[in-house]
Structure formats: C-alpha cells, structure tokens
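Participant: I'm passing along entry12.txt; it holds compact mmCIF, C-alpha atoms.
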```txt
# COMPACT_ATOMS: atom_id res chain seq x y z
CA MET R 1 -20.10 -10.07 7.04
CA VAL R 2 -16.60 -8.71 6.48
CA SER R 3 -16.59 -5.04 5.49
CA ARG R 4 -15.26 -4.43 1.99
CA ARG R 5 -14.18 -0.93 3.01
CA ARG R 6 -11.03 -2.43 4.52
CA GLU R 7 -10.29 -4.39 1.36
CA ILE R 8 -10.61 -1.37 -0.91
CA GLY R 9 -8.90 1.19 1.31
CA ASP R 10 -8.49 4.90 0.83
CA VAL R 11 -7.06 6.68 -2.20
CA SER R 12 -3.44 5.61 -2.67
CA ALA R 13 -0.77 6.70 -5.11
CA ARG R 14 -0.82 3.32 -6.85
CA SER R 15 -4.59 3.11 -7.26
CA LEU R 16 -4.67 6.69 -8.54
CA LEU R 17 -1.89 5.83 -10.99
CA MET R 18 -3.92 2.86 -12.26
CA THR R 19 -6.92 5.15 -12.81
CA MET R 20 -4.78 7.54 -14.87
CA LEU R 21 -3.25 4.71 -16.87
CA GLY R 22 -6.67 3.33 -17.73
CA GLU R 23 -8.33 6.68 -18.46
CA TYR R 24 -5.57 8.49 -20.38
CA VAL R 25 -2.59 6.27 -21.23
CA LEU R 26 -4.41 3.14 -22.43
CA PRO R 27 -6.55 4.87 -25.10
CA GLN R 28 -3.56 6.71 -26.60
CA GLY R 29 -1.14 3.80 -26.55
CA ARG R 30 1.98 5.96 -26.09
CA PRO R 31 4.73 5.81 -23.45
CA VAL R 32 4.73 8.55 -20.79
CA TRP R 33 7.77 10.15 -19.15
CA THR R 34 8.28 9.66 -15.41
CA SER R 35 8.23 13.42 -14.88
CA ALA R 36 4.80 13.72 -16.51
CA LEU R 37 3.30 11.00 -14.31
CA VAL R 38 4.91 12.46 -11.20
CA ASP R 39 3.57 15.90 -12.12
CA ALA R 40 0.06 14.52 -12.74
CA LEU R 41 0.00 12.68 -9.41
CA ALA R 42 1.27 15.78 -7.63
CA LYS R 43 -1.95 17.54 -8.63
CA PHE R 44 -3.71 15.11 -6.30
CA GLY R 45 -1.35 15.72 -3.40
CA VAL R 46 0.89 12.70 -4.06
CA GLU R 47 4.52 13.38 -3.15
CA GLU R 48 7.25 12.57 -5.67
CA LYS R 49 8.67 9.73 -3.58
CA SER R 50 5.26 8.06 -3.34
CA ALA R 51 4.66 8.56 -7.07
CA ARG R 52 7.96 6.90 -7.96
CA GLN R 53 7.24 4.04 -5.56
CA ALA R 54 3.83 3.56 -7.21
CA LEU R 55 5.50 3.34 -10.62
CA ALA R 56 8.05 0.83 -9.33
CA ARG R 57 5.35 -1.34 -7.71
CA THR R 58 3.18 -1.30 -10.81
CA ALA R 59 6.17 -2.29 -12.93
CA ALA R 60 7.13 -5.05 -10.47
CA GLU R 61 3.63 -6.49 -10.85
CA GLY R 62 4.14 -6.67 -14.61
CA TRP R 63 1.74 -3.93 -15.75
CA LEU R 64 4.36 -1.35 -16.81
CA ALA R 65 7.74 -1.52 -18.55
CA SER R 66 10.37 1.20 -18.37
CA GLU R 67 12.66 2.44 -21.15
CA ARG R 68 15.65 4.66 -20.51
CA VAL R 69 16.27 7.40 -23.07
CA GLY R 70 19.47 9.23 -22.15
CA ARG R 71 19.03 10.33 -18.56
CA ARG R 72 15.24 10.08 -18.66
CA VAL R 73 12.84 7.16 -18.23
CA ARG R 74 9.50 6.62 -19.88
CA TRP R 75 6.84 4.03 -19.15
CA ALA R 76 4.66 1.93 -21.42
CA LEU R 77 1.92 -0.57 -20.64
CA THR R 78 2.97 -4.19 -21.05
CA PRO R 79 0.65 -6.56 -22.96
CA PRO R 80 -0.69 -7.96 -19.64
CA GLY R 81 -1.11 -4.37 -18.43
CA ARG R 82 -3.12 -3.46 -21.51
CA ARG R 83 -5.32 -6.53 -21.07
CA LEU R 84 -5.89 -5.78 -17.40
CA LEU R 85 -6.83 -2.16 -18.02
CA THR R 86 -8.92 -2.96 -21.09
CA GLU R 87 -10.96 -5.51 -19.14
CA GLY R 88 -11.20 -3.10 -16.20
CA ALA R 89 -12.29 -0.23 -18.44
CA GLN R 90 -15.03 -2.34 -20.00
CA ARG R 91 -16.34 -3.33 -16.59
CA ILE R 92 -16.14 0.23 -15.25
CA TYR R 93 -17.75 1.95 -18.23
CA ASP R 94 -20.41 -0.72 -18.78
CA PHE R 95 -21.29 -0.96 -15.09
CA GLY R 96 -24.77 0.28 -14.30
CA SER R 97 -25.91 0.51 -17.92
CA GLY R 98 -29.23 -1.33 -17.95
CA GLU R 99 -30.67 -4.30 -16.08
CA ARG R 100 -31.09 -7.80 -17.46
CA ALA R 101 -34.17 -9.90 -16.74
CA TRP R 102 -33.66 -12.49 -13.99
CA ASP R 103 -35.23 -15.96 -13.98
CA ASP R 104 -34.85 -16.47 -10.17
CA THR R 105 -31.89 -18.82 -10.66
CA TRP R 106 -28.99 -18.71 -8.23
CA LEU R 107 -25.48 -20.00 -8.89
CA VAL R 108 -24.00 -21.56 -5.75
CA VAL R 109 -20.30 -22.37 -5.34
CA LEU R 110 -18.98 -24.37 -2.40
CA VAL R 111 -15.28 -23.93 -1.68
CA SER R 112 -13.52 -24.71 1.57
CA VAL R 113 -10.21 -23.11 2.59
CA PRO R 114 -8.60 -23.97 5.96
CA GLU R 115 -8.40 -21.21 8.57
CA THR R 116 -4.62 -21.57 8.57
CA LYS R 117 -4.37 -20.42 4.93
CA ARG R 118 -5.36 -16.82 5.54
CA ASP R 119 -3.75 -15.39 2.42
CA LEU R 120 -5.56 -17.92 0.26
CA ARG R 121 -8.87 -17.21 2.02
CA HIS R 122 -8.35 -13.50 1.36
CA GLN R 123 -7.65 -14.15 -2.33
CA VAL R 124 -10.81 -16.25 -2.65
CA ARG R 125 -12.89 -13.56 -0.94
CA THR R 126 -11.41 -10.74 -3.03
CA ARG R 127 -11.61 -12.52 -6.40
CA LEU R 128 -15.12 -13.94 -5.94
CA SER R 129 -16.41 -10.64 -4.54
CA TRP R 130 -15.03 -8.88 -7.62
CA ALA R 131 -16.97 -11.41 -9.72
CA GLY R 132 -20.19 -10.41 -7.93
CA PHE R 133 -20.46 -13.28 -5.46
CA GLY R 134 -21.56 -12.93 -1.85
CA SER R 135 -21.03 -15.32 1.05
CA PRO R 136 -23.97 -15.92 3.42
CA GLU R 137 -22.04 -18.66 5.22
CA PRO R 138 -18.34 -19.64 5.36
CA GLY R 139 -17.43 -21.63 2.27
CA VAL R 140 -20.69 -20.79 0.48
CA TRP R 141 -20.68 -18.28 -2.39
CA ILE R 142 -23.80 -17.19 -4.27
CA THR R 143 -24.74 -14.93 -7.17
CA PRO R 144 -27.93 -14.36 -9.16
CA HIS R 145 -25.74 -14.18 -12.29
CA ALA R 146 -25.54 -17.84 -13.30
CA ASP R 147 -23.34 -16.93 -16.27
CA ARG R 148 -20.50 -16.16 -13.85
CA GLU R 149 -19.76 -19.87 -13.37
CA ALA R 150 -16.92 -19.90 -15.90
CA GLU R 151 -15.36 -16.87 -14.20
CA ALA R 152 -15.60 -18.54 -10.80
CA LEU R 153 -14.08 -21.73 -12.19
CA GLY R 154 -11.19 -19.74 -13.63
CA VAL R 155 -10.54 -18.11 -10.25
CA LEU R 156 -10.62 -21.44 -8.41
CA LYS R 157 -8.30 -23.06 -10.97
CA GLU R 158 -5.79 -20.24 -10.60
CA LEU R 159 -5.90 -20.65 -6.82
CA GLY R 160 -5.60 -24.45 -6.97
CA LEU R 161 -9.03 -25.03 -5.42
CA ALA R 162 -11.13 -26.21 -8.37
CA ASP R 163 -10.75 -29.96 -7.77
CA ASP R 164 -12.36 -29.84 -4.33
CA ALA R 165 -14.98 -27.17 -5.05
CA MET R 166 -18.60 -27.74 -6.15
CA SER R 167 -21.17 -25.66 -8.01
CA PHE R 168 -24.83 -25.92 -8.87
CA THR R 169 -27.76 -23.75 -9.92
CA ALA R 170 -31.09 -23.63 -8.08
CA ALA R 171 -34.10 -21.56 -7.16
CA TYR R 172 -34.50 -20.48 -3.56
CA GLY R 173 -36.64 -22.96 -1.60
CA ALA R 174 -39.31 -22.73 1.12
CA VAL R 175 -36.95 -22.73 4.11
CA GLY R 176 -35.91 -19.35 5.49
CA SER R 177 -36.01 -16.04 3.63
CA GLU R 178 -34.35 -15.10 0.36
CA ALA R 179 -34.14 -11.49 1.58
CA ALA R 180 -32.36 -12.64 4.76
CA MET R 181 -29.88 -14.64 2.68
CA VAL R 182 -29.12 -11.58 0.57
CA SER R 183 -28.58 -9.39 3.64
CA ARG R 184 -26.12 -11.94 5.05
CA ALA R 185 -24.24 -12.27 1.76
CA TRP R 186 -23.88 -8.56 0.95
CA ASP R 187 -23.69 -5.38 3.01
CA LEU R 188 -26.02 -3.39 0.77
CA SER R 189 -26.40 -0.58 3.31
CA GLU R 190 -22.72 0.24 2.95
CA VAL R 191 -22.97 0.11 -0.85
CA GLU R 192 -25.91 2.51 -0.78
CA GLU R 193 -24.00 4.88 1.50
CA ARG R 194 -21.18 4.90 -1.06
CA TYR R 195 -23.64 5.62 -3.86
CA GLU R 196 -25.17 8.49 -1.91
CA ALA R 197 -21.73 9.93 -1.21
CA PHE R 198 -20.87 9.65 -4.92
CA ILE R 199 -24.08 11.44 -5.88
CA ASP R 200 -23.46 14.19 -3.31
CA GLU R 201 -19.89 14.72 -4.50
CA PHE R 202 -20.47 14.91 -8.24
CA THR R 203 -24.02 16.21 -8.71
CA GLY R 204 -23.03 19.83 -8.17
CA ALA R 205 -19.49 19.61 -9.53
CA ARG R 206 -18.79 22.18 -12.25
CA PRO R 207 -15.02 22.14 -12.99
CA ALA R 208 -13.84 25.24 -14.83
CA GLY R 209 -11.47 23.58 -17.32
CA GLY R 210 -7.73 22.93 -17.16
CA ASP R 211 -6.42 21.22 -14.04
CA ALA R 212 -9.86 21.38 -12.41
CA MET R 213 -11.35 19.35 -15.25
CA LEU R 214 -8.51 16.80 -15.18
CA HIS R 215 -8.93 16.48 -11.42
CA ALA R 216 -12.71 16.11 -11.61
CA GLN R 217 -12.68 13.52 -14.40
CA THR R 218 -9.93 11.47 -12.76
CA MET R 219 -11.71 11.42 -9.40
CA LEU R 220 -15.04 10.62 -11.07
CA VAL R 221 -13.55 7.49 -12.65
CA HIS R 222 -11.47 6.69 -9.57
CA GLU R 223 -14.52 6.69 -7.31
CA TRP R 224 -16.73 4.86 -9.81
CA ARG R 225 -14.24 2.07 -10.42
CA ARG R 226 -14.86 0.86 -6.85
CA PHE R 227 -18.51 0.05 -7.49
CA PRO R 228 -18.08 -3.06 -9.69
CA PHE R 229 -16.35 -4.56 -6.64
CA LEU R 230 -18.73 -3.16 -4.03
CA ASP R 231 -22.04 -3.67 -5.83
CA PRO R 232 -23.03 -7.23 -6.84
CA ARG R 233 -25.62 -5.80 -9.28
CA LEU R 234 -28.53 -7.73 -7.81
CA PRO R 235 -31.84 -7.85 -9.67
CA SER R 236 -34.20 -5.07 -8.63
CA LYS R 237 -36.53 -7.45 -6.77
CA LEU R 238 -33.68 -8.24 -4.35
CA LEU R 239 -32.76 -4.59 -3.69
CA PRO R 240 -34.08 -2.19 -1.05
CA ALA R 241 -36.77 0.29 -2.11
CA ASN R 242 -35.51 3.51 -3.76
CA TRP R 243 -32.09 1.99 -4.49
CA SER R 244 -29.69 4.81 -5.43
CA GLY R 245 -27.43 2.78 -7.71
CA ALA R 246 -29.36 3.64 -10.87
CA LYS R 247 -29.22 7.38 -10.14
CA ALA R 248 -25.48 7.16 -9.47
CA ALA R 249 -24.90 5.27 -12.73
CA ASP R 250 -26.78 7.88 -14.74
CA LEU R 251 -24.71 10.59 -13.08
CA PHE R 252 -21.42 8.83 -13.81
CA HIS R 253 -22.15 8.23 -17.48
CA SER R 254 -23.40 11.77 -18.11
CA ARG R 255 -20.50 13.47 -16.30
CA HIS R 256 -17.91 11.20 -17.91
CA ALA R 257 -19.16 12.02 -21.40
CA GLU R 258 -19.37 15.73 -20.56
CA TRP R 259 -15.92 16.08 -19.01
CA SER R 260 -13.88 13.63 -21.10
CA PRO R 261 -12.84 15.90 -24.01
CA ALA R 262 -11.52 18.73 -21.81
CA ALA R 263 -9.83 16.35 -19.36
CA LEU R 264 -8.03 14.52 -22.17
CA GLU R 265 -6.99 17.84 -23.70
CA ARG R 266 -5.45 18.89 -20.38
CA TRP R 267 -3.69 15.52 -20.07
CA ASN R 268 -2.19 15.97 -23.53
CA GLU R 269 -1.03 19.49 -22.61
CA LEU R 270 0.59 18.18 -19.44
CA THR R 271 2.43 15.31 -21.14
CA LYS R 272 3.50 17.55 -24.02
CA SER R 273 5.02 20.01 -21.57
CA HIS R 274 7.29 17.17 -20.41
CA GLY R 275 8.51 16.40 -23.91
CA GLN R 276 5.85 13.88 -24.94
CA ASP R 277 6.02 13.13 -28.67
```
What does the file become when written as structure tokens?
Facilitator:
Amino acid sequence: MVSRRREIGDVSARSLLMTMLGEYVLPQGRPVWTSALVDALAKFGVEEKSARQALARTAAEGWLASERVGRRVRWALTPPGRRLLTEGAQRIYDFGSGERAWDDTWLVVLVSVPETKRDLRHQVRTRLSWAGFGSPEPGVWITPHADREAEALGVLKELGLADDAMSFTAAYGAVGSEAAMVSRAWDLSEVEERYEAFIDEFTGARPAGGDAMLHAQTMLVHEWRRFPFLDPRLPSKLLPANWSGAKAADLFHSRHAEWSPAALERWNELTKSHGQD
C-alpha cells in the first residue's frame, strides 16, 4: 500500500494560498492585491519570493488571472478557478456530516496502466483516491460508494483509459475476508493517526482574535481539506472500533462556525489596509 503522506506533502506556499482563496476570496468574489496575499502568507512564515512563486504557479495552472493597475497587480479567480474551489469547498465543508446507509454493494473498477507510464499511473492513483477508491491489488480499484461510477468514468475518460477499463458492482463473496480486503486497499491506521493529531491540535485552541483568529481558522480548514483525500468514508461496519473520524468532523464543523466571523473580519481588515476596494 503506497503511503498517501508522500502524495499530500507538508504545508507549502501554494497549498496554503489555495486554502486562503477558497476560504476568503471565493465567497467575496473580489480581486486581491499581490501585496495583500503576500502579507497574509507571511503570517504563516512564507517568504515573499515563495508567495510570489505560488501566485505565478497558480496562475499558470489557470486558476488565477492577474490585472495590472498602474504599478500594482491584483488577482482574481478565473471561471475554472471558481469552479474548482466551489467544488472543493462543498466537499470540504460537507465532509463528515452524517453517514448514509450502505447496502453491502461494492463498485469495482479494473484499469491497467503499464509500468513504463509512471506519470499516468500516478494520475490514476491520485484521481481515484480523491474519489474515495482504494486499490487492494494492482489495477483493481474498489469503493463502497457505488454512485461514484460516473466520477470514475470521467477520470478515466480524461486520462484516455476508459475504452480498456471495466466496472461492475457486487457483494463480497465467500472467499477470503472483506476486512482483509479493506486493510489492503486503505491505510486506515494512518488516517486515524491524522484524525487524532487534528483533534489534539484544535480541541484546546482558543485564538484571541485578530491575526491569531485568522491563523487558527486558516489552519483549521487547511488541515481538514486533506481528509476528503485521505479518508474514503467507509461505512461504519468496515471501520475499526472507536473510529475517531466522527469526533474530528464534529470538532471541525463547530470550530469553523465559531471562528469564521472573526477570521473573515480580520481578512477584510488586512486586504483593506492594502487598498482593497
């Protein structure tokens, strides 16, 4: 089982920028000056050079567009950027809110990618993992969410693999162990460790307004946005006893609602100090 820790990586200037864009810029729908974004990232220890590189990379990927006004530059989300962040926000904020009943049906997708096409194999692994699939064996992808078939088909079409792939739905049979299959498809111990770390970090957090509140809210969302990729949201019968995901979800939703007004107020103060209209 390949560790997803490597695929997610540590906090980077670009990923932190994307969190800020989704949490503060997207809801307000206004351009933001370079200096304001650089200043905001600096509060998290990001150097100016790295902040500007993050802006340039995000723009090169089509999520941001720049506009020069005199000697200054401001940034606005592009239509694809708004769609990306809107879809991401829905997944982040809805994640962990309630469990649906499961009828014991598995969706199985078979897709073969040659060893020589490493970049393509990585894209398949990343995209299907994000969609909640796990891989108990090379070329075999499974999920208890049968309604994800259309999403998987879209991924495979984009990657040019749909014509040779196969999918079907089934209940687990009498051979082997369903629990063993789950443990081979997903590293749930690592996910639970992440949940426990999240709970430890934010349970006792009591930011005292201003920059502290902006920092706390941004990091809360930044850490939580990893879980839709890490956690396949398996039905409770497939999870270990005393699974900490539910407790972490309750903590995220309560803290986010509690901190949001003050964090947004501080964001508005910061952008206004840089000449934001």
Participant: May I ask for the distance between atom CA of Leu85 of chain R and atom CA of Glu47 of chain R, given in Å to one decimal place?
Facilitator: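 Taking atom CA of Leu85 of chain R as the start and atom CA of Glu47 of chain R as the end point, the length is 24.3 Å.
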Participant: Residues within 12 Å of segment 34-42 of chain R, please, as a ChimeraX atom specification. Count only C-alpha atoms; anything in the same chain fewer than 2 positions from it doesn't count.
Facilitator: /R:11-21,24-25,31-32,44-56,64-69,71-76,211,214-215,218-219,266-276
Participant: Which residues, written as a ChimeraX atom specification, have at least one atom at most 10 Å from Ser129 of chain R, with all atoms listed in the file counted and residues fewer than 2 positions away on the same chain left out?
Facilitator: /R:4,123-127,131-135,141-143,186,228-232
Participant: Quick check, in Å to one decimal: how far apart do atom CA of Ala174 of chain R and atom CA of Gly139 of chain R lie?
Facilitator: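 Calculated distance between atom CA of Ala174 of chain R and atom CA of Gly139 of chain R is 21.9 Å.
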Participant: Would you pick out the contacts of Leu239 of chain R at 12 Å or less, using only C-alpha atoms, so that residues sharing its chain but fewer than 6 positions from it are not included, and give the list as a PyMOL selection string?
Facilitator: chain R and resi 178-180+182-183+186-189+191-192+231-233+245-246
Participant: Please produce an output containing C-alpha atoms for each residue in the selection, written as a JSON list (two decimals), keeping the file's coordinate frame.
Facilitator:
```
[["chain", "number", "residue", "atom", "x", "y", "z"],
["R", 178, "GLU", "CA", -34.35, -15.10, 0.36],
["R", 179, "ALA", "CA", -34.14, -11.49, 1.58],
["R", 180, "ALA", "CA", -32.36, -12.64, 4.76],
["R", 182, "VAL", "CA", -29.12, -11.58, 0.57],
["R", 183, "SER", "CA", -28.58, -9.39, 3.64],
["R", 186, "TRP", "CA", -23.88, -8.56, 0.95],
["R", 187, "ASP", "CA", -23.69, -5.38, 3.01],
["R", 188, "LEU", "CA", -26.02, -3.39, 0.77],
["R", 189, "SER", "CA", -26.40, -0.58, 3.31],
["R", 191, "VAL", "CA", -22.97, 0.11, -0.85],
["R", 192, "GLU", "CA", -25.91, 2.51, -0.78],
["R", 231, "ASP", "CA", -22.04, -3.67, -5.83],
["R", 232, "PRO", "CA", -23.03, -7.23, -6.84],
["R", 233, "ARG", "CA", -25.62, -5.80, -9.28],
["R", 245, "GLY", "CA", -27.43, 2.78, -7.71],
["R", 246, "ALA", "CA", -29.36, 3.64, -10.87]]
```
Participant: Do you have the atom CA of Phe168 of chain R-atom CA of Ser97 of chain R distance handy?
Facilitator: 28.0 Å
Participant: Restricting the calculation to all atoms listed in the file, which member of R:Ser244, R:Tyr172, R:Thr203, R:Trp102 is positioned closest to Glu190 of chain R?
Facilitator: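 Looking only at the distances to Glu190 of chain R, the closest residue turns out to be R:Ser244.
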Participant: So which one's closest to Phe252 of chain R, R:Pro114, R:Pro80, R:Gly173, R:Gly96? Using only C-alpha atoms, please.
Facilitator: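 Selected residue with least distance to Phe252 of chain R: R:Gly96.
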Participant: Considering only C-alpha atoms, state which residue in the set R:Leu220, R:Val113, R:Val175, R:Leu153 is at the smallest distance from Glu201 of chain R.
Facilitator: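 Smallest distance to Glu201 of chain R is found for R:Leu220.
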Participant: Do a neighbour search on His253 of chain R at 10 Å with only C-alpha atoms, toss out local chain neighbours closer than 2 positions, and write the hits as a VMD selection string.
Facilitator: chain R and resid 93 to 97 220 to 221 224 248 to 251 255 to 258
Participant: Pick the closest to Ala216 of chain R from R:Val108, R:Ala263, R:Ala60, R:Leu128: which is it, counting all atoms listed in the file?
Facilitator: R:Ala263
Participant: Contacts of segment 235-237 of chain R at 9 Å or less, counting all atoms listed in the file, minus same-chain residues fewer than 2 places along, as a list of chain:residue names?
Facilitator: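 What passes the distance filter is R:Glu99, R:Arg100, R:Ala101, R:Trp102, R:Pro144, R:Arg233, R:Leu239, R:Pro240, R:Ala241, R:Trp243.
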Participant: Between R:Arg184, R:Lys117, R:Arg91, R:His222, which has the minimum distance to Pro138 of chain R (counting all atoms listed in the file)?
Facilitator: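 The shortest atom-to-atom distance to Pro138 of chain R comes from R:Arg184.
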Participant: Which one of R:Ile92, R:Met213, R:Ala150, R:Val111 sits closest to Phe227 of chain R if you count all atoms listed in the file?
Facilitator: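 Answer, going by the shortest atom-to-atom distance: R:Ile92.
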